[in-house]
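Asks: entry-v1.txt is reproduced below (compact mmCIF, C-alpha atoms and all ligand atoms).
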```
# COMPACT_ATOMS: atom_id res chain seq x y z
CA MET A 1 -49.23 5.06 -10.80
CA ASP A 2 -48.61 1.97 -8.75
CA GLY A 3 -45.11 1.65 -10.10
CA ALA A 4 -44.33 5.29 -9.26
CA ARG A 5 -45.58 4.82 -5.69
CA HIS A 6 -43.46 1.76 -5.34
CA ASP A 7 -40.39 3.63 -6.55
CA ASP A 8 -41.16 6.48 -4.16
CA GLY A 9 -41.27 4.06 -1.29
CA ARG A 10 -37.92 2.62 -2.17
CA ASN A 11 -36.31 6.02 -2.46
CA ASN A 12 -37.50 6.80 1.04
CA ILE A 13 -35.52 3.98 2.62
CA PRO A 14 -32.72 5.65 4.64
CA PRO A 15 -29.17 4.85 3.48
CA GLN A 16 -28.38 3.31 6.88
CA THR A 17 -31.16 0.75 6.42
CA ILE A 18 -29.90 -0.13 2.96
CA SER A 19 -26.33 -0.59 4.21
CA THR A 20 -27.57 -2.69 7.13
CA ILE A 21 -29.58 -4.93 4.82
CA PHE A 22 -26.55 -5.19 2.57
CA VAL A 23 -24.29 -6.22 5.45
CA LEU A 24 -26.79 -8.74 6.81
CA HIS A 25 -27.17 -10.23 3.37
CA THR A 26 -23.39 -10.43 2.82
CA ASN A 27 -22.97 -12.00 6.23
CA ILE A 28 -25.38 -14.79 5.47
CA LEU A 29 -23.42 -15.53 2.30
CA ARG A 30 -20.11 -15.47 4.16
CA ARG A 31 -21.26 -17.43 7.18
CA ALA A 32 -21.49 -14.38 9.41
CA LEU A 33 -17.93 -13.09 8.92
CA PRO A 34 -18.42 -9.34 8.68
CA ASP A 35 -16.62 -7.15 6.16
CA ILE A 36 -14.21 -4.87 8.06
CA HIS A 37 -14.28 -2.25 5.33
CA VAL A 38 -18.09 -2.01 5.43
CA LEU A 39 -18.02 -1.78 9.23
CA LYS A 40 -15.33 0.90 9.21
CA GLU A 41 -17.09 3.07 6.62
CA GLY A 42 -20.40 2.62 8.45
CA ILE A 43 -18.91 3.63 11.80
CA LEU A 44 -17.20 6.69 10.33
CA ALA A 45 -20.54 7.67 8.77
CA GLY A 46 -22.18 7.39 12.21
CA ASP A 47 -24.31 4.38 11.30
CA ILE A 48 -25.59 3.06 14.67
CA ALA A 49 -26.62 -0.37 13.38
CA LEU A 50 -23.10 -0.98 12.06
CA LEU A 51 -21.55 0.44 15.24
CA SER A 52 -23.58 -2.06 17.27
CA ARG A 53 -22.46 -4.87 15.00
CA ALA A 54 -18.84 -3.83 15.38
CA ILE A 55 -19.20 -3.83 19.18
CA THR A 56 -20.69 -7.32 19.05
CA LEU A 57 -17.68 -8.37 16.97
CA VAL A 58 -15.31 -6.83 19.53
CA GLU A 59 -17.09 -8.67 22.35
CA SER A 60 -17.07 -12.03 20.57
CA THR A 61 -14.87 -14.76 22.02
CA ASN A 62 -14.62 -16.51 18.64
CA PRO A 63 -10.91 -16.32 17.60
CA GLN A 64 -11.82 -15.50 13.97
CA HIS A 65 -14.01 -12.63 15.16
CA GLN A 66 -11.30 -11.45 17.54
CA ALA A 67 -8.76 -11.27 14.72
CA LEU A 68 -11.20 -9.21 12.63
CA ALA A 69 -12.03 -7.01 15.62
CA ALA A 70 -8.33 -6.28 16.22
CA GLN A 71 -7.99 -5.32 12.53
CA LEU A 72 -11.05 -3.06 12.78
CA ILE A 73 -9.75 -1.35 15.93
CA ASP A 74 -6.42 -0.64 14.20
CA GLU A 75 -8.31 0.80 11.21
CA ILE A 76 -10.46 3.17 13.27
CA LEU A 77 -7.73 4.15 15.76
CA PRO A 78 -6.75 7.35 13.87
CA TYR A 79 -10.40 8.52 14.10
CA SER A 80 -10.78 7.80 17.81
CA GLY A 81 -9.65 9.47 21.02
CA LYS A 82 -11.45 12.78 20.59
CA SER A 83 -13.91 12.46 23.42
CA LEU A 84 -14.17 13.06 27.11
CA ARG A 85 -14.47 9.71 28.89
CA ILE A 86 -16.33 9.82 32.19
CA GLY A 87 -16.46 6.86 34.56
CA ILE A 88 -19.47 6.82 36.90
CA THR A 89 -19.74 4.46 39.82
CA GLY A 90 -21.63 4.03 43.08
CA VAL A 91 -23.35 1.37 45.17
CA PRO A 92 -26.51 -0.31 43.82
CA GLY A 93 -29.46 2.04 44.19
CA VAL A 94 -27.40 5.23 44.58
CA GLY A 95 -29.13 6.56 41.48
CA LYS A 96 -26.57 6.04 38.70
CA SER A 97 -29.03 5.33 35.90
CA THR A 98 -31.40 8.14 36.89
CA PHE A 99 -28.43 10.52 37.15
CA ILE A 100 -27.12 9.53 33.73
CA GLU A 101 -30.55 10.17 32.21
CA SER A 102 -30.67 13.67 33.65
CA PHE A 103 -26.97 14.48 33.18
CA GLY A 104 -26.94 12.96 29.69
CA MET A 105 -29.91 15.05 28.55
CA HIS A 106 -28.10 18.12 29.90
CA LEU A 107 -24.99 17.30 27.87
CA ILE A 108 -27.07 16.73 24.75
CA ALA A 109 -28.76 20.11 25.27
CA GLU A 110 -25.21 21.56 25.28
CA GLY A 111 -24.80 20.08 21.81
CA ARG A 112 -22.85 16.95 22.71
CA LYS A 113 -23.23 13.40 21.44
CA LEU A 114 -23.24 10.84 24.20
CA ALA A 115 -22.51 7.11 24.38
CA VAL A 116 -23.30 5.29 27.64
CA LEU A 117 -21.51 1.99 28.16
CA ALA A 118 -22.89 0.12 31.13
CA ILE A 119 -20.69 -2.55 32.66
CA ASP A 120 -22.90 -4.87 34.60
CA PRO A 121 -20.93 -7.46 36.55
CA SER A 122 -24.11 -9.42 37.20
CA SER A 123 -25.31 -9.35 33.60
CA ASN A 124 -24.48 -13.01 33.07
CA ILE A 125 -26.82 -13.94 35.87
CA SER A 126 -29.64 -11.48 35.30
CA LYS A 127 -30.23 -9.47 32.15
CA GLY A 128 -32.93 -7.63 34.11
CA SER A 129 -30.96 -4.59 35.20
CA ILE A 130 -30.14 -3.69 31.61
CA LEU A 131 -33.83 -3.68 30.84
CA GLY A 132 -34.34 -1.59 33.97
CA ASP A 133 -31.72 0.87 32.77
CA LYS A 134 -33.48 1.38 29.46
CA THR A 135 -36.67 2.35 31.27
CA ARG A 136 -34.76 4.57 33.72
CA MET A 137 -33.04 6.27 30.79
CA GLU A 138 -36.32 6.84 29.04
CA GLN A 139 -35.44 10.00 27.13
CA LEU A 140 -31.80 9.15 26.50
CA SER A 141 -32.51 5.70 25.12
CA VAL A 142 -34.60 7.14 22.28
CA HIS A 143 -32.58 10.31 21.65
CA PRO A 144 -30.78 10.37 18.28
CA HIS A 145 -27.68 11.93 19.91
CA ALA A 146 -27.39 9.20 22.54
CA TYR A 147 -26.35 5.58 22.33
CA ILE A 148 -26.73 3.18 25.26
CA ARG A 149 -24.94 -0.13 25.25
CA PRO A 150 -24.46 -2.67 28.04
CA SER A 151 -21.02 -4.27 28.08
CA SER A 152 -20.70 -7.99 28.43
CA ALA A 153 -17.59 -9.93 27.52
CA SER A 154 -16.41 -11.59 30.69
CA GLY A 155 -13.91 -14.37 30.13
CA SER A 156 -12.28 -12.70 27.15
CA LEU A 157 -8.67 -11.49 27.15
CA GLY A 158 -8.43 -8.39 29.34
CA GLY A 159 -11.96 -8.93 30.67
CA VAL A 160 -14.97 -6.69 30.33
CA THR A 161 -12.99 -3.49 30.88
CA TYR A 162 -10.69 -4.11 27.97
CA LYS A 163 -13.67 -4.69 25.69
CA THR A 164 -15.24 -1.50 27.03
CA ARG A 165 -12.03 0.28 26.13
CA GLU A 166 -12.29 -0.93 22.54
CA THR A 167 -16.00 -0.10 22.46
CA THR A 168 -15.09 3.43 23.57
CA LEU A 169 -12.76 3.76 20.58
CA LEU A 170 -15.50 2.58 18.20
CA CYS A 171 -18.02 5.05 19.67
CA GLU A 172 -15.51 7.88 19.31
CA ALA A 173 -14.90 7.01 15.68
CA ALA A 174 -18.68 7.06 15.19
CA GLY A 175 -18.73 10.69 16.35
CA PHE A 176 -19.65 10.47 20.04
CA ASP A 177 -17.74 13.22 21.88
CA THR A 178 -18.68 12.15 25.39
CA ILE A 179 -18.47 8.59 26.67
CA ILE A 180 -19.93 7.55 30.01
CA VAL A 181 -18.80 4.23 31.43
CA GLU A 182 -21.19 3.19 34.18
CA THR A 183 -20.41 0.47 36.66
CA VAL A 184 -21.87 -0.76 39.91
CA GLY A 185 -19.52 -0.12 42.80
CA VAL A 186 -18.58 -3.56 44.00
CA GLY A 187 -14.84 -3.22 44.56
CA GLN A 188 -12.57 -4.29 41.72
CA SER A 189 -14.53 -2.65 38.91
CA GLU A 190 -13.80 0.94 40.04
CA THR A 191 -10.05 0.53 39.64
CA GLU A 192 -10.57 -0.92 36.19
CA VAL A 193 -12.96 1.83 35.10
CA SER A 194 -10.54 4.51 36.27
CA GLN A 195 -8.00 2.89 33.93
CA ILE A 196 -10.14 3.54 30.85
CA THR A 197 -11.65 6.95 31.64
CA ASP A 198 -10.45 10.55 32.01
CA PHE A 199 -12.73 11.62 34.87
CA PHE A 200 -13.84 9.34 37.65
CA LEU A 201 -17.13 10.37 39.28
CA LEU A 202 -18.29 8.73 42.47
CA LEU A 203 -21.97 8.92 43.38
CA MET A 204 -22.78 8.77 47.08
CA LEU A 205 -25.85 8.54 49.28
CA ALA A 206 -26.27 10.91 52.19
CA GLY A 207 -26.36 9.29 55.61
CA ALA A 208 -25.46 5.77 54.48
CA GLY A 209 -24.26 3.34 57.15
CA ASP A 210 -20.73 3.21 58.47
CA GLU A 211 -19.84 -0.04 56.66
CA LEU A 212 -20.74 1.56 53.34
CA GLN A 213 -18.54 4.55 54.07
CA GLY A 214 -15.72 2.13 54.89
CA ILE A 215 -15.90 0.51 51.47
CA LYS A 216 -15.84 3.88 49.83
CA ARG A 217 -12.75 5.24 51.51
CA GLY A 218 -10.28 3.53 49.17
CA ILE A 219 -12.40 4.38 46.18
CA MET A 220 -12.64 8.01 47.29
CA GLU A 221 -8.92 8.37 46.67
CA MET A 222 -9.48 7.60 43.00
CA ALA A 223 -12.39 10.01 42.56
CA ASP A 224 -11.92 13.24 40.58
CA GLY A 225 -15.33 14.34 41.78
CA MET A 226 -18.15 13.21 44.05
CA VAL A 227 -21.87 13.76 43.89
CA ILE A 228 -24.34 13.22 46.73
CA THR A 229 -27.50 12.04 44.99
CA LYS A 230 -31.19 12.39 45.82
CA ALA A 231 -30.78 15.89 47.32
CA ASP A 232 -34.50 16.60 47.26
CA GLY A 233 -37.44 16.69 49.69
CA ASP A 234 -36.53 15.82 53.27
CA ASN A 235 -33.16 14.55 52.13
CA ILE A 236 -31.74 17.90 51.11
CA HIS A 237 -30.38 18.81 54.57
CA LYS A 238 -28.73 15.42 54.97
CA ALA A 239 -27.20 15.84 51.50
CA LYS A 240 -25.73 19.23 52.39
CA ALA A 241 -24.30 17.84 55.63
CA ALA A 242 -22.78 14.91 53.73
CA ARG A 243 -21.25 17.33 51.21
CA SER A 244 -19.35 19.16 53.98
CA GLU A 245 -18.32 15.86 55.56
CA TYR A 246 -16.93 14.43 52.31
CA ALA A 247 -15.25 17.71 51.37
CA ARG A 248 -13.48 17.57 54.73
CA ALA A 249 -12.50 13.93 54.22
CA LEU A 250 -11.12 14.76 50.76
CA HIS A 251 -9.07 17.53 52.25
CA PHE A 252 -7.04 14.90 54.12
CA MET A 253 -6.44 12.73 51.06
CA PRO A 254 -3.08 12.83 49.27
CA PRO A 255 -3.23 15.46 46.50
CA ASN A 256 -3.79 14.35 42.92
CA ALA A 257 -0.56 14.27 40.85
CA SER A 258 -2.02 16.74 38.33
CA GLY A 259 -2.83 19.32 41.00
CA TRP A 260 -6.59 18.83 40.57
CA ILE A 261 -8.54 19.07 43.81
CA PRO A 262 -11.64 16.81 43.71
CA GLU A 263 -14.92 18.59 44.35
CA VAL A 264 -18.12 17.42 46.06
CA LYS A 265 -21.53 18.38 44.64
CA ILE A 266 -25.11 17.58 45.55
CA CYS A 267 -27.81 16.89 43.00
CA SER A 268 -31.32 15.70 42.45
CA SER A 269 -31.84 13.86 39.19
CA TYR A 270 -35.60 13.99 39.80
CA GLU A 271 -35.59 17.77 39.94
CA ASN A 272 -32.68 18.34 37.55
CA ALA A 273 -31.04 20.30 40.37
CA GLY A 274 -27.25 20.49 40.59
CA ILE A 275 -26.80 18.70 37.26
CA ALA A 276 -25.36 21.76 35.47
CA GLU A 277 -22.88 22.18 38.37
CA VAL A 278 -21.64 18.61 37.90
CA ALA A 279 -21.20 19.24 34.17
CA ALA A 280 -19.33 22.48 34.93
CA MET A 281 -17.02 20.68 37.38
CA ILE A 282 -16.14 18.08 34.72
CA ASP A 283 -15.52 20.81 32.12
CA LYS A 284 -13.27 22.62 34.57
CA PHE A 285 -11.34 19.41 35.21
CA HIS A 286 -10.99 18.83 31.46
CA HIS A 287 -9.53 22.30 30.85
CA HIS A 288 -7.26 21.95 33.86
CA GLN A 289 -5.88 18.60 32.69
CA VAL A 290 -5.47 19.60 29.04
CA SER A 291 -3.67 22.83 29.90
CA ASN A 292 -1.13 21.17 32.21
CA GLY A 293 -0.52 18.17 29.93
CA HIS A 294 -1.94 15.60 32.33
CA PHE A 295 -4.84 14.70 30.05
CA GLU A 296 -2.60 13.26 27.33
CA GLN A 297 -0.15 11.87 29.84
CA LYS A 298 -2.85 9.89 31.63
CA ARG A 299 -4.14 8.45 28.35
CA SER A 300 -0.62 7.42 27.31
CA ASN A 301 -0.11 5.72 30.67
CA GLN A 302 -3.45 3.98 30.30
CA ASN A 303 -2.38 2.68 26.88
CA LEU A 304 0.85 1.36 28.27
CA PHE A 305 -0.99 -0.23 31.20
CA ALA A 306 -3.44 -1.92 28.79
CA PHE A 307 -0.56 -3.23 26.67
CA ARG A 308 1.24 -4.68 29.66
CA GLN A 309 -1.90 -6.19 31.11
CA LEU A 310 -2.84 -7.83 27.81
CA LEU A 311 0.71 -9.05 27.27
CA ASN A 312 0.79 -10.63 30.73
CA GLU A 313 -2.53 -12.26 30.22
CA GLY A 314 -1.75 -13.39 26.66
CA LEU A 315 1.58 -14.94 27.65
CA PHE A 316 -0.01 -16.62 30.65
CA ARG A 317 -2.78 -18.13 28.57
CA ARG A 318 -0.37 -19.39 25.91
CA LEU A 319 1.82 -21.06 28.49
CA LEU A 320 -1.09 -22.66 30.30
CA ALA A 321 -2.42 -23.98 27.00
CA GLN A 322 0.74 -26.03 26.42
CA HIS A 323 0.34 -29.77 26.63
CA GLY A 324 0.40 -31.19 30.15
CA VAL A 325 0.86 -27.84 31.92
CA GLN A 326 -2.60 -27.72 33.47
CA ASP A 327 -2.27 -31.27 34.86
CA HIS A 328 1.16 -30.48 36.24
CA ILE A 329 -0.21 -27.34 37.95
CA HIS A 330 -3.13 -29.27 39.44
CA GLN A 331 -0.75 -31.85 40.93
CA LEU A 332 1.41 -29.10 42.41
CA GLU A 333 -1.66 -27.30 43.79
CA ALA A 334 -2.69 -30.47 45.63
CA ARG A 335 0.74 -30.61 47.25
CA VAL A 336 0.68 -26.90 48.14
CA LEU A 337 -2.73 -27.47 49.73
CA ASN A 338 -1.54 -30.33 51.92
CA HIS A 339 1.71 -28.54 52.86
CA THR A 340 4.07 -31.04 51.22
CA LEU A 341 5.44 -28.38 48.86
CA SER A 342 6.05 -24.67 49.36
CA PRO A 343 4.34 -22.24 46.94
CA TYR A 344 7.78 -20.94 45.95
CA THR A 345 9.13 -24.40 45.00
CA ALA A 346 5.86 -25.18 43.19
CA VAL A 347 6.27 -22.10 40.99
CA HIS A 348 9.89 -23.04 40.35
CA GLN A 349 8.81 -26.50 39.20
CA VAL A 350 6.24 -25.04 36.81
CA LEU A 351 8.88 -22.77 35.30
CA GLN A 352 11.24 -25.71 34.92
CA HIS A 353 8.50 -27.73 33.27
CA LEU A 354 8.04 -24.86 30.80
CA ALA A 355 11.81 -24.71 30.33
CA LEU A 356 11.73 -21.15 31.72
CA GLY A 357 13.35 -21.73 35.08
N1 LIG B 1 -35.67 11.07 45.60
C1 LIG B 1 -34.89 10.70 44.60
N2 LIG B 1 -34.83 9.39 44.23
C2 LIG B 1 -34.02 9.04 43.21
C3 LIG B 1 -33.23 10.00 42.50
N3 LIG B 1 -32.52 9.36 41.57
C4 LIG B 1 -32.82 8.05 41.66
N4 LIG B 1 -33.75 7.84 42.63
C5 LIG B 1 -34.39 6.56 42.98
O1 LIG B 1 -33.41 5.68 43.52
C6 LIG B 1 -33.62 4.35 43.06
C7 LIG B 1 -32.38 3.82 42.38
O2 LIG B 1 -32.10 4.58 41.23
P1 LIG B 1 -31.26 4.00 40.00
O3 LIG B 1 -31.04 5.13 39.07
O4 LIG B 1 -31.89 2.79 39.44
O5 LIG B 1 -29.94 3.59 40.75
P2 LIG B 1 -28.68 2.77 40.20
O6 LIG B 1 -27.51 3.27 40.97
O7 LIG B 1 -28.62 2.83 38.73
O8 LIG B 1 -29.02 1.31 40.67
P3 LIG B 1 -28.41 -0.10 40.13
O9 LIG B 1 -28.53 -0.08 38.64
O10 LIG B 1 -29.26 -1.12 40.79
O11 LIG B 1 -27.00 -0.15 40.61
C8 LIG B 1 -34.84 4.40 42.14
O12 LIG B 1 -35.97 4.03 42.86
C9 LIG B 1 -34.90 5.85 41.73
O13 LIG B 1 -36.19 6.25 41.41
C10 LIG B 1 -33.33 11.39 42.91
O14 LIG B 1 -32.73 12.31 42.36
N5 LIG B 1 -34.18 11.66 43.94
MG MG B 2 -28.56 1.31 37.21
```
Could you render the structure from this file as structure tokens?

Replies:
Amino acid sequence: MDGARHDDGRNNIPPQTISTIFVLHTNILRRALPDIHVLKEGILAGDIALLSRAITLVESTNPQHQALAAQLIDEILPYSGKSLRIGITGVPGVGKSTFIESFGMHLIAEGRKLAVLAIDPSSNISKGSILGDKTRMEQLSVHPHAYIRPSSASGSLGGVTYKTRETTLLCEAAGFDTIIVETVGVGQSETEVSQITDFFLLLMLAGAGDELQGIKRGIMEMADGMVITKADGDNIHKAKAARSEYARALHFMPPNASGWIPEVKICSSYENAGIAEVAAMIDKFHHHQVSNGHFEQKRSNQNLFAFRQLLNEGLFRRLLAQHGVQDHIHQLEARVLNHTLSPYTAVHQVLQHLALG
């Protein structure tokens, strides 16, 4: 009897758990170098534990891990790409996390599988906001068709965005058909996020101060769509007024190369109001871009951009790592600082030192 019960228990262990235990065990034996084949098969089977492990590998700054990660990315590349990638940005407190919870649950109800990759520029300083996100995305974070993962790999080649790009590919191979990349709007990050996503959604507050609007103007040009958040209670009239104001402002922006005209929506994540309209706008954009060839074209351009950026950075790092180069640069910097050498001549001297000039 006892033996039978014991066997029953073992048979009830899900295959994912068994494969995870197997990988952990193998890793201990191999001093934590993961098996690419196991990771690949696990990802293609939709195993979340192995997907998470693969992302950790991709984010690692250890050169051995990076070589394995590059191999893994090449292996899963043919299975990736089949998702809609949505970048979501907005100032702190605009309601990004709450919106993603509501919007994400809507997408899942439509039968989609959603991965949320949160880039947190401050995550090295405080891990708190990630914890906050998990509580704000209460339903999403436990839903079997959703996967939430904060991105952190600053200091690695290509920076956080490049790692998020690779993480996107892994999530796609694991069967997620919608990827949301969330970032706090603090300047630089928006440009980077627009380089790794198909649709760039800007969340806005109604009636925010003039300085805030100033920051947003440049970013507005990149937006494929805008949403005024918190359109509920007393705020609803302000939100409607802001919608007309932004729609007018967009009207004066240079037209998008694909012919897409960005739209402005209002929503309340609390009341689930306007969420379906945002989803419909993104679907409309998707069809528009696919039918006129801009969807593929943009992705190809993004690939080329990533290649060039990584090449630049890789070459730069290699050169700087050569013996004596850093010291030489520091000496030249001191002279540039005290005006005894022009920046132009200083660069020329570095190139000569590297036998490139
Ligand atoms: N009234 C109202 N409040 C909202 C709504 N959505 C979010 N909030 C509130 O706005 C505050 C900020 O929301 P978050 O979702 O954390 O905003 P965030 O943009 O993710 O903020 P950071 O992660 O700090 O950048 C919270 O107190 C939310 O409860 C909404 O639809 N209506
Ligand atoms: Mg947030």

Asks: Once 6 Å is added on each side, what are the centre and the three edge lengths, in Å to one decimal, of the axis-aligned box enclosing the listed atoms of ligand LIG 1 (chain B)? Present them as AutoDock Vina command-line options.

Replies:
```
--center_x -31.6 --center_y 5.6 --center_z 42.1 --size_x 21.2 --size_y 25.4 --size_z 19.0
```

Asks: Which residues come within 9 Å of Glu277 of chain A, counting all atoms listed in the file, excluding same-chain residues fewer than 5 positions away, as a PyMOL selection string?

Replies: chain A and resi 265-267+282

Asks: Go through A:Phe285, A:Cys171, A:Leu356, A:Glu296 and flag the residue nearest Ala49 of chain A, using all atoms listed in the file for the distances.

Replies: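 The closest residue to Ala49 of chain A is A:Cys171.
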
Asks: Please, which residues have at least one atom within 7 Å of an atom of ligand LIG 1 (chain B), using all atoms listed in the file, listed as a VMD selection string?

Replies: chain A and resid 90 to 99 129 133 136 184 229 to 232 267 to 271

Asks: How many Å separate atom CA of Ala45 of chain A from atom CA of Thr183 of chain A?

Replies: 28.8 Å

Asks: Can you work out which one of A:Thr61, A:Thr89, A:Ser141, A:Ser189 has the shortest atom-to-atom distance to Gly225 of chain A, counting only C-alpha atoms?

Replies: A:Thr89

Asks: So which one's closest to ligand MG 2 (chain B), A:Leu72, A:Val116, A:Ala67, A:Leu77? Using all atoms listed in the file, please.

Replies: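 Smallest distance to ligand MG 2 (chain B) is found for A:Val116.
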